[in-house]
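Trainee: Would you mind keeping the following structure in view while I ask a few things?
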Amino acid sequence: MRQRRETASAASKGSSSGEASEKPSDGVEIRANVRLGNPRRSSYVWLALLLIITYSCSSIYNYQFQNMPMPLTSEQAGKRGFSEIEAFKHVKALTEFGPHPVGSDALHSALQYVLTASQTIKKTAHWEVDVEVDLFHAKSGANRLVSGLFMGKTLVYSDLSHVVVRILPKYVSEAREHSILVSSHIDTVFSTEGAGDCSSCVGVMLELARGISQWAHGLKRGVIFLFNTGEEEGLDGAHSFITQHPWSSTVRMAIDLEAMGIGGKSSIFQAGPNPWAIENFALAAKYPSGQTIAQDLFASGAIKSATDFQVYKEVAGLSGLDFAYVDNTAVYHTKNDKLELLKKGSLQHLGDNMLAFLLHIGASADFPVGNATESEDDISNNNAIYFDILGTYMVVYRQKLANMLHNSVIMQSLLIWTTSLVMGGKPAMASLALSCLSVLLMMFFSLSFVFLVAFILPLICSSPVPYVSSPWLVIGLFGAPAFLGAFTGQHFGYLLLKIYLLNVHSKRRQLPAIIQADIAKLEAERWLYKAGSFVWLILLTLGNYFKIGSSYLALVWLVSPTFAYGFFEATLTPARLPKPLKLVTLLIGLAIPILFSAGTFIRLAATVVGGMVRLDRNPGGTPEWLGNFFIGAFIAVVLCLTLVYLLSYVHLSGAKRAIILATLVLFGLSLAIVSSGVVPPFSEDTARAVNVVHVVDVTGRKPYESQNPVSYVSLFSTTPGKLNKEAEQIDEGFTCGRDQTVDFVTFLVKYGCRTDNDASSGWNESDIPTMNVESDTKGNRRTSRVSINTKGSVRWVLAINTNEIEDFELEDAENSEELISVDKKTNVDGWHIIQFSGGKNAPTIFDLNLYWRSASTRTTHETDRPLLKLRTDVGRITPITERVLSKLPRWCSLFGKSTSPHTLAFLKDLPVQF
């Protein structure tokens with residue numbers, strides 16, 4: 001190093017020309033021949049960059065999820081191909097039967113249609129293929145799942161029928177013992193014709209069965225198509241097949257087709273536990289679609305739903321794949337799940353994928369035999385992590401490889417950060433802490449702004465969720481304040497960083513104040529950029545520790561921006577002064593993360609928006625602002641984590657005012673639109689979920705007392721918001737409020753509307769269920785026998801007070817058949833619920849044996865809490881419900897689910913002190 005003394009005039013000259021000098025502690029100055037440059041960048045560049053990234057995200061989403069294959073006719077597909085036009089004919093025929101829930105005449109007609117179509121497939125199959133068609137009538141059974149939506153329940157069924165089709169190569173004897181199951185359900189909820197859920201699945205399966213019947217002579221495995229009933233009532237069809245049908249013992253893999261919306265791309269949202277299926281799907285599928293993040297969300301319980309795949313995994317111990325349509329999820333289980341909204345190309349997409357996949361695995365010599373012998377650690381390490389890239393290519397790797405890859409990246413990152421901080425000393429550590437503080441401030445301000453909007457919306461709009469029919473409004477309502485909050489938080493962090501760094505440089509360098517200020521700005525910008533990498537490193541570490549599959553997103557958002565920074569920005573020359581971050585660093589650093597995640601994040605946001613229709617599982621039980629905050633919080637977190645790199649560029653540009661103004665304008669326009677009602681919150685195609693139930697209530701009365709039933713019509717909604725507008729339009733004397741509560745056993749209406757106009761007609765006292773105590777033995781262990789008669793109802797729910805009752809058993813009194821045996825039962829909030837559904841010939845008289853807890857083992861003893869609560873459902877339209885339904889606003893739709901009552905419900909209970 002060459003040392004020389006500088007005169008004051010020379011130093012001044014160097015500083016004015018952009019050169020800097022350092023003066024070490026020994027008094028010798030060191031000249032750094034580096035030009036500082038102008039630290040200010042063009043505002044137009046930043047705004048153009050923001051527009052380009054926004055446009056790219058939209059384009060990626062459209063290409064990945066909205067780009068559908070061309071529907072093929074039977075002539076275009078050929079004898080062995082898949083034709084959407086042919087599959088669509090089946091969907092159309094099934095929807096023409098109208099709603100077809102379990103026990104209805106319409107379901108019987110739909111079942112006969114599928115049976116006839118299956119027999120036609122048998123007649124036209126290849127001569128070297130055996131096609132067996134079985135109309136399977138299941139015996140009574142009970143299903144008790146240990147997790148998920150049905151935890152704490154026993155699902156009992158009776159008198160269910162399914163169509164089962166088995167396709168086998170004639171001259172491969174082992175194919176009969178090694179089968180692939182493809183399953184979906186014919187039944188719908190009572191409120192919809194079910195074009196999406198799941199007539200579209202049944203239509204695809206029938207066309208697949210026809211195509212497979214022409215190919216199967218080259219396969220080594222059999223293919224079983226299960227068209228079941230009872231799925232909507234609690235996964236009953238899948239359970240009855242697995243536990244009762246003789247072919248179930250030959251199944252080695254299960255594939256379930258479902259819908260949580262209508263149309264679009266049918267994506268994998270559950271795979272495993274054995275990764276063989278998803279690995280082979282990735283190899284064979286023409287248009288692979290699936291995301292591990294959806295599986296993680298479903299497994300976490302954030303999505304309150306269940307599919308037949310749970311039965312195949314839990315009860316049968318099978319591996320496989322679970323597919324679902326999720327476009328337009330707001331129509332799920334409403335009248336708008338209709339044929340007109342089924343997007344062209346949806347059936348072709350699923351059919352082409354499934355046909356290629358089934359032919360591929362059906363011809364494979366390698367086939368999984370199950371997971372029974374694998375340890376929990378082995379299963380965990382073999383879990384598959386999967387995601388598609390633009391719906392064209394699917395990446396699949398196992399958790400064991402992910403652990404190695406993630407650990408390698410984590411260790412290298414920690415080594416780099418440790419070296420950097422040791423070399424930088426206390427200033428570097430303080431700068432990192434302040435830059436991480438900026439990320440926390442981003443989160444804080446972003447969440448605060450969206451919470452404020454979430455709280456305000458119910459106060460100024462006609463609906464707390466005014467964007468459901470127009471999801472694009474969430475960009476302005478929540479995206480704009482979330483972005484503004486993120487910008488505000490990071491700007492505060494930038495100011496703190498700049499002040500600190502300016503203070504550091506003022507002590508260490510003999511430089512003009514203007515140069516020190518510029519250096520502080522540039523270093524602050526770099527630390528904000530690097531803070532993004534550090535935060536994603538923390539998320540990757542946590543995700544890797546808990547083995548969360550979607551941690552691959554953290555890996556992508558860490559590695560690519562860090563590599564770009566290291567390649568274009570990092571230097572080993574200590575004398576070099578900082579320069580503004582290069583535009584190419586941002587472009588290359590963000591290109592891959594946006595490509596991998598933009599479409600997924602937008603799709604998840606759209607799914608959350610659609611889910612607002614059915615957010616309130618106990619109507620009136622959640623604050624009206626809560627759904628808005630869910631959406632806003634999701635958008636805020638995603639924006640803060642992904643824009644942490646981009647926003648670091650804005651502080652040295654003149655775009656700050658323009659950004660703030662544009663964001664406020666966007667938010668103001670969106671708020672004006674929803675508050676003025678220019679865009680209605682609901683429409684005829686995206687309706688508010690409501691229920692109209694004629695209730696006959698005889699609760700609170702002892703068995704020997706006169707019934708004197710209370711009868712009324714209850715109107716309630718799972719969509720947040722008051723019902724005053726709807727009640728006013730119906731004009732049947734409804735009174736709305738939180739004093740109109742109804743306990744429907746499976747849920748509690750905490751806000752609703754009620755009227756008793758003409759409520760005494762349309763039902764008979766002979767329909768009221770009875771619960772009579774036949775015996776009560778108070779010995780060492782108190783036991784009671786209760787006779788239950790549900791009268792004409794073959795769909796009912798019974799809640800048993802587990803604070804009083806330790807165990808119980810249920811019998812079909814007419815056939816002396818045990819339905820539920822004595823066993824350790826789980827409970828939720830002190831209740832175990834029996835949920836029963838069946839066909840027209842299902843039993844209606846039952847014996848319930850109750851085994852009481854001893855006084856010392858009772859957790860609580862509430863005299864006002866009944867021992868048993870019973871609700872029986874009848875699919876009958878009374879005169880008052882017919883009038884209410886006819887005057888129901890067009891933006892409303894009945895909502896059906898396994899726990900929802902039908903249009904006529906009877907409530908009965910049995911007190912503890914009977």
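Labels used: A, B, ... for chains in the order of the structure tokens, numbers from 1 for residues in each chain, and numbers from 1 for ligands as shown.
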Give me the region 459-528 of chain A side of the contact with region 635-642 of chain A, cut-off 7 Å, one line per residue showing its nearest atom pair and distance in Å at one decimal, counting only C-alpha atoms, sorted by chain and residue number, as CSV.
Mentor:
residue,atom,partner,partner_atom,distance
A:Gly479,CA,A:Ile635,CA,6.3
A:Ala482,CA,A:Ala636,CA,4.9
A:Phe483,CA,A:Leu639,CA,6.7
A:Ala486,CA,A:Cys640,CA,5.9
Trainee: If we count only C-alpha atoms and set the cut-off at 10 Å, which residues sit around region 877-891 of chain A, ignoring sequence neighbours fewer than 6 positions away in its own chain? Please answer as an mmCIF file with N, CA and C atoms, in the first residue's frame.
Mentor:
data_model
loop_
_atom_site.group_PDB
_atom_site.id
_atom_site.type_symbol
_atom_site.label_atom_id
_atom_site.label_comp_id
_atom_site.auth_asym_id
_atom_site.auth_seq_id
_atom_site.Cartn_x
_atom_site.Cartn_y
_atom_site.Cartn_z
ATOM 1 N N SER A 469 -68.479 -11.141 -4.565
ATOM 2 C CA SER A 469 -68.849 -11.322 -5.974
ATOM 3 C C SER A 469 -67.837 -10.674 -6.914
ATOM 4 N N PRO A 680 -72.423 -4.750 -6.080
ATOM 5 C CA PRO A 680 -73.078 -5.436 -4.948
ATOM 6 C C PRO A 680 -72.167 -6.504 -4.353
ATOM 7 N N PRO A 681 -72.292 -6.742 -3.048
ATOM 8 C CA PRO A 681 -71.439 -7.752 -2.412
ATOM 9 C C PRO A 681 -71.713 -9.164 -2.898
ATOM 10 N N PHE A 682 -72.966 -9.430 -3.282
ATOM 11 C CA PHE A 682 -73.328 -10.753 -3.770
ATOM 12 C C PHE A 682 -74.106 -10.604 -5.070
ATOM 13 N N SER A 683 -74.147 -11.682 -5.825
ATOM 14 C CA SER A 683 -74.874 -11.671 -7.089
ATOM 15 C C SER A 683 -75.620 -12.985 -7.225
ATOM 16 N N GLU A 684 -76.334 -13.104 -8.304
ATOM 17 C CA GLU A 684 -77.088 -14.339 -8.520
ATOM 18 C C GLU A 684 -76.153 -15.525 -8.721
ATOM 19 N N ASP A 685 -74.950 -15.256 -9.255
ATOM 20 C CA ASP A 685 -73.980 -16.324 -9.496
ATOM 21 C C ASP A 685 -73.017 -16.538 -8.327
ATOM 22 N N THR A 686 -72.898 -15.557 -7.462
ATOM 23 C CA THR A 686 -72.058 -15.691 -6.261
ATOM 24 C C THR A 686 -72.916 -15.249 -5.084
ATOM 25 N N ALA A 687 -73.652 -16.184 -4.526
ATOM 26 C CA ALA A 687 -74.711 -15.857 -3.572
ATOM 27 C C ALA A 687 -74.242 -15.953 -2.123
ATOM 28 N N ARG A 688 -74.971 -15.264 -1.272
ATOM 29 C CA ARG A 688 -74.762 -15.370 0.168
ATOM 30 C C ARG A 688 -75.364 -16.685 0.654
ATOM 31 N N ALA A 689 -74.642 -17.402 1.509
ATOM 32 C CA ALA A 689 -75.127 -18.683 2.027
ATOM 33 C C ALA A 689 -76.075 -18.450 3.192
ATOM 34 N N VAL A 690 -77.320 -18.895 3.041
ATOM 35 C CA VAL A 690 -78.307 -18.785 4.114
ATOM 36 C C VAL A 690 -79.015 -20.128 4.269
ATOM 37 N N ASN A 691 -79.706 -20.273 5.378
ATOM 38 C CA ASN A 691 -80.527 -21.456 5.588
ATOM 39 C C ASN A 691 -81.887 -21.050 6.149
ATOM 40 N N VAL A 692 -82.913 -21.719 5.674
ATOM 41 C CA VAL A 692 -84.279 -21.519 6.150
ATOM 42 C C VAL A 692 -84.754 -22.851 6.722
ATOM 43 N N VAL A 693 -84.993 -22.881 8.025
ATOM 44 C CA VAL A 693 -85.352 -24.136 8.690
ATOM 45 C C VAL A 693 -86.618 -23.939 9.507
ATOM 46 N N HIS A 694 -87.609 -24.755 9.227
ATOM 47 C CA HIS A 694 -88.814 -24.797 10.051
ATOM 48 C C HIS A 694 -88.495 -25.682 11.260
ATOM 49 N N TYR A 712 -91.395 -22.545 14.895
ATOM 50 C CA TYR A 712 -91.021 -21.273 14.267
ATOM 51 C C TYR A 712 -90.119 -21.556 13.071
ATOM 52 N N VAL A 713 -89.903 -20.542 12.258
ATOM 53 C CA VAL A 713 -88.969 -20.642 11.127
ATOM 54 C C VAL A 713 -87.732 -19.821 11.465
ATOM 55 N N SER A 714 -86.578 -20.463 11.360
ATOM 56 C CA SER A 714 -85.299 -19.813 11.650
ATOM 57 C C SER A 714 -84.573 -19.499 10.348
ATOM 58 N N LEU A 715 -84.100 -18.266 10.239
ATOM 59 C CA LEU A 715 -83.312 -17.813 9.093
ATOM 60 C C LEU A 715 -81.928 -17.424 9.614
ATOM 61 N N LYS A 725 -81.836 -6.828 5.822
ATOM 62 C CA LYS A 725 -82.251 -6.553 4.445
ATOM 63 C C LYS A 725 -82.998 -7.751 3.859
ATOM 64 N N GLU A 726 -82.491 -8.950 4.102
ATOM 65 C CA GLU A 726 -83.130 -10.155 3.599
ATOM 66 C C GLU A 726 -84.488 -10.371 4.273
ATOM 67 N N ALA A 727 -84.544 -10.171 5.595
ATOM 68 C CA ALA A 727 -85.802 -10.358 6.318
ATOM 69 C C ALA A 727 -86.855 -9.362 5.866
ATOM 70 N N GLN A 729 -87.110 -8.003 2.853
ATOM 71 C CA GLN A 729 -87.604 -8.364 1.529
ATOM 72 C C GLN A 729 -88.529 -9.580 1.598
ATOM 73 N N ILE A 730 -88.230 -10.529 2.468
ATOM 74 C CA ILE A 730 -89.088 -11.714 2.597
ATOM 75 C C ILE A 730 -90.455 -11.334 3.161
ATOM 76 N N ASP A 731 -90.462 -10.405 4.129
ATOM 77 C CA ASP A 731 -91.700 -9.849 4.677
ATOM 78 C C ASP A 731 -92.636 -10.929 5.229
ATOM 79 N N GLU A 732 -92.102 -11.724 6.161
ATOM 80 C CA GLU A 732 -92.919 -12.752 6.820
ATOM 81 C C GLU A 732 -92.882 -12.596 8.331
ATOM 82 N N THR A 755 -89.484 -16.251 12.848
ATOM 83 C CA THR A 755 -90.893 -15.892 12.725
ATOM 84 C C THR A 755 -91.743 -17.110 13.067
ATOM 85 N N ASP A 756 -92.924 -16.849 13.657
ATOM 86 C CA ASP A 756 -93.844 -17.957 13.940
ATOM 87 C C ASP A 756 -95.098 -17.865 13.075
ATOM 88 N N ASN A 757 -95.042 -17.035 12.026
ATOM 89 C CA ASN A 757 -96.178 -16.934 11.103
ATOM 90 C C ASN A 757 -96.466 -18.291 10.458
ATOM 91 N N ASP A 758 -97.679 -18.787 10.636
ATOM 92 C CA ASP A 758 -98.118 -20.024 9.990
ATOM 93 C C ASP A 758 -97.182 -21.198 10.297
ATOM 94 N N ALA A 759 -96.484 -21.148 11.439
ATOM 95 C CA ALA A 759 -95.498 -22.176 11.749
ATOM 96 C C ALA A 759 -96.109 -23.433 12.337
ATOM 97 N N SER A 760 -97.395 -23.408 12.624
ATOM 98 C CA SER A 760 -98.022 -24.585 13.244
ATOM 99 C C SER A 760 -98.513 -25.591 12.215
ATOM 100 N N SER A 761 -98.423 -25.265 10.941
ATOM 101 C CA SER A 761 -98.919 -26.182 9.902
ATOM 102 C C SER A 761 -97.745 -26.750 9.100
ATOM 103 N N GLY A 762 -98.013 -27.877 8.426
ATOM 104 C CA GLY A 762 -97.014 -28.499 7.571
ATOM 105 C C GLY A 762 -96.270 -29.637 8.241
ATOM 106 N N TRP A 763 -96.523 -29.868 9.513
ATOM 107 C CA TRP A 763 -95.894 -30.970 10.236
ATOM 108 C C TRP A 763 -96.915 -31.572 11.201
ATOM 109 N N HIS A 902 -81.980 -29.930 7.353
ATOM 110 C CA HIS A 902 -82.798 -29.737 6.162
ATOM 111 C C HIS A 902 -83.864 -28.686 6.471
ATOM 112 N N THR A 903 -84.836 -28.541 5.599
ATOM 113 C CA THR A 903 -85.802 -27.452 5.749
ATOM 114 C C THR A 903 -86.823 -27.673 6.861
ATOM 115 N N LEU A 904 -86.864 -28.874 7.434
ATOM 116 C CA LEU A 904 -87.734 -29.137 8.581
ATOM 117 C C LEU A 904 -86.927 -29.920 9.611
#
Trainee: In Å, rounded to a single decimal, give me how far CA of Ser413 (chain A) is from CA of Val395 (chain A).
Mentor: 24.0 Å
Trainee: Per residue of region 577-670 of chain A within 8 Å of region 540-558 of chain A, record the nearest atom pair and its distance in Å to one decimal, counting only C-alpha atoms, with rows in chain order and ascending residue number, as a tab-separated table.
Mentor:
residue	atom	partner	partner_atom	distance
A:Leu590	CA	A:Trp557	CA	7.8
A:Ile592	CA	A:Val556	CA	7.4
A:Pro593	CA	A:Trp557	CA	5.5
A:Phe596	CA	A:Leu553	CA	7.8
A:Ser597	CA	A:Leu553	CA	7.1
A:Thr642	CA	A:Trp557	CA	7.8
Trainee: Can you pull out the residues contacting Ser140 (chain A)? Cut-off 9 Å, using only C-alpha atoms, and skip same-chain residues under 5 positions away; I want them as a ChimeraX atom specification.
Mentor: /A:156-160,240,817,819,838,842
Trainee: Would you mind telling me which residue in A:Leu798, A:Thr600, A:Asp812, A:Arg166 lies nearest to Ile833 (chain A) when using only C-alpha atoms?
Mentor: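 Among the listed residues, the smallest separation from Ile833 (chain A) belongs to A:Leu798.
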Trainee: Quick one: residues within 10 Å of Glu132 (chain A), only C-alpha atoms, excluding same-chain residues fewer than 5 positions away - as a PyMOL selection string?
Mentor: chain A and resi 118-119+121-122+164-168+224
Trainee: Can you write out the residues you just picked, keeping N, CA and C atoms, as a PDB file, in the first residue's frame?
Mentor:
ATOM      1  N   SER A 118     -72.279 -47.515 -16.884  1.00  0.00           N
ATOM      2  CA  SER A 118     -71.212 -48.482 -16.609  1.00  0.00           C
ATOM      3  C   SER A 118     -71.443 -49.780 -17.375  1.00  0.00           C
ATOM      4  N   GLN A 119     -72.688 -50.197 -17.467  1.00  0.00           N
ATOM      5  CA  GLN A 119     -72.991 -51.416 -18.217  1.00  0.00           C
ATOM      6  C   GLN A 119     -72.737 -51.232 -19.706  1.00  0.00           C
ATOM      7  N   ILE A 121     -70.323 -49.341 -20.878  1.00  0.00           N
ATOM      8  CA  ILE A 121     -68.866 -49.463 -20.969  1.00  0.00           C
ATOM      9  C   ILE A 121     -68.459 -50.929 -21.022  1.00  0.00           C
ATOM     10  N   LYS A 122     -69.121 -51.749 -20.233  1.00  0.00           N
ATOM     11  CA  LYS A 122     -68.817 -53.183 -20.207  1.00  0.00           C
ATOM     12  C   LYS A 122     -69.074 -53.811 -21.578  1.00  0.00           C
ATOM     13  N   VAL A 164     -69.849 -49.930  -8.459  1.00  0.00           N
ATOM     14  CA  VAL A 164     -68.417 -50.246  -8.476  1.00  0.00           C
ATOM     15  C   VAL A 164     -68.095 -50.942  -9.800  1.00  0.00           C
ATOM     16  N   VAL A 165     -67.097 -50.417 -10.494  1.00  0.00           N
ATOM     17  CA  VAL A 165     -66.683 -50.967 -11.781  1.00  0.00           C
ATOM     18  C   VAL A 165     -65.226 -51.399 -11.670  1.00  0.00           C
ATOM     19  N   ARG A 166     -64.967 -52.667 -12.009  1.00  0.00           N
ATOM     20  CA  ARG A 166     -63.572 -53.150 -12.009  1.00  0.00           C
ATOM     21  C   ARG A 166     -63.170 -53.542 -13.418  1.00  0.00           C
ATOM     22  N   ILE A 167     -62.029 -53.016 -13.859  1.00  0.00           N
ATOM     23  CA  ILE A 167     -61.517 -53.273 -15.202  1.00  0.00           C
ATOM     24  C   ILE A 167     -60.211 -54.040 -15.073  1.00  0.00           C
ATOM     25  N   LEU A 168     -60.163 -55.226 -15.702  1.00  0.00           N
ATOM     26  CA  LEU A 168     -59.008 -56.110 -15.565  1.00  0.00           C
ATOM     27  C   LEU A 168     -58.544 -56.612 -16.920  1.00  0.00           C
ATOM     28  N   ILE A 224     -60.222 -50.018 -10.317  1.00  0.00           N
ATOM     29  CA  ILE A 224     -61.570 -50.027  -9.746  1.00  0.00           C
ATOM     30  C   ILE A 224     -62.086 -48.593  -9.710  1.00  0.00           C
TER      31      ILE A 224
END
Trainee: Looking at A:Ala110, A:Leu615, A:Ala363, A:Leu868, which one is nearest to Val163 (chain A), with distances taken over only C-alpha atoms?
Mentor: A:Ala110
Trainee: Would you kindly return, as a PyMOL selection string, each protein, DNA or RNA residue with an atom no farther than 8 Å from any atom of region 187-204 of chain A, considering only C-alpha atoms and excluding same-chain residues fewer than 3 positions away?
Mentor: chain A and resi 84+87-92+94-102+107+184+207-208+227-232+257-263+325+332-339+342+347+350-351+893-898+902
Trainee: Can you pull out every residue within 10 Å of region 453-459 of chain A, counting only C-alpha atoms, but drop anything in the same chain fewer than 6 positions away, and send it as a PyMOL selection string?
Mentor: chain A and resi 447+465-466+477-478+481-482+623-633+667+671+674-675+720-722
Trainee: From the list A:Leu72, A:Ile768, A:Ile820, A:Val311, which residue is nearest Asp352 (chain A) when using only C-alpha atoms?
Mentor: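 Closest to Asp352 (chain A) of all the choices is A:Leu72.
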Trainee: From a DSSP calculation on the backbone, collect every residue of region 130-265 of chain A in strand (DSSP E) and output the set as a ChimeraX atom specification.
Mentor: /A:130-138,141-143,153-158,160-169,179-185,222-228,251-259
Trainee: Select from region 59-119 of chain A everything DSSP, run on the backbone, classes as alpha helix (DSSP H), then give the selection as a PyMOL selection string.
Mentor: chain A and resi 59-61+74-77+84-95+105-119
Trainee: Find, counting only C-alpha atoms, the residue in A:Pro288, A:Lys507, A:Leu318, A:Ser300 that gets nearest to Ala254 (chain A).
Mentor: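 For Ala254 (chain A), the nearest of the given residues is A:Leu318.
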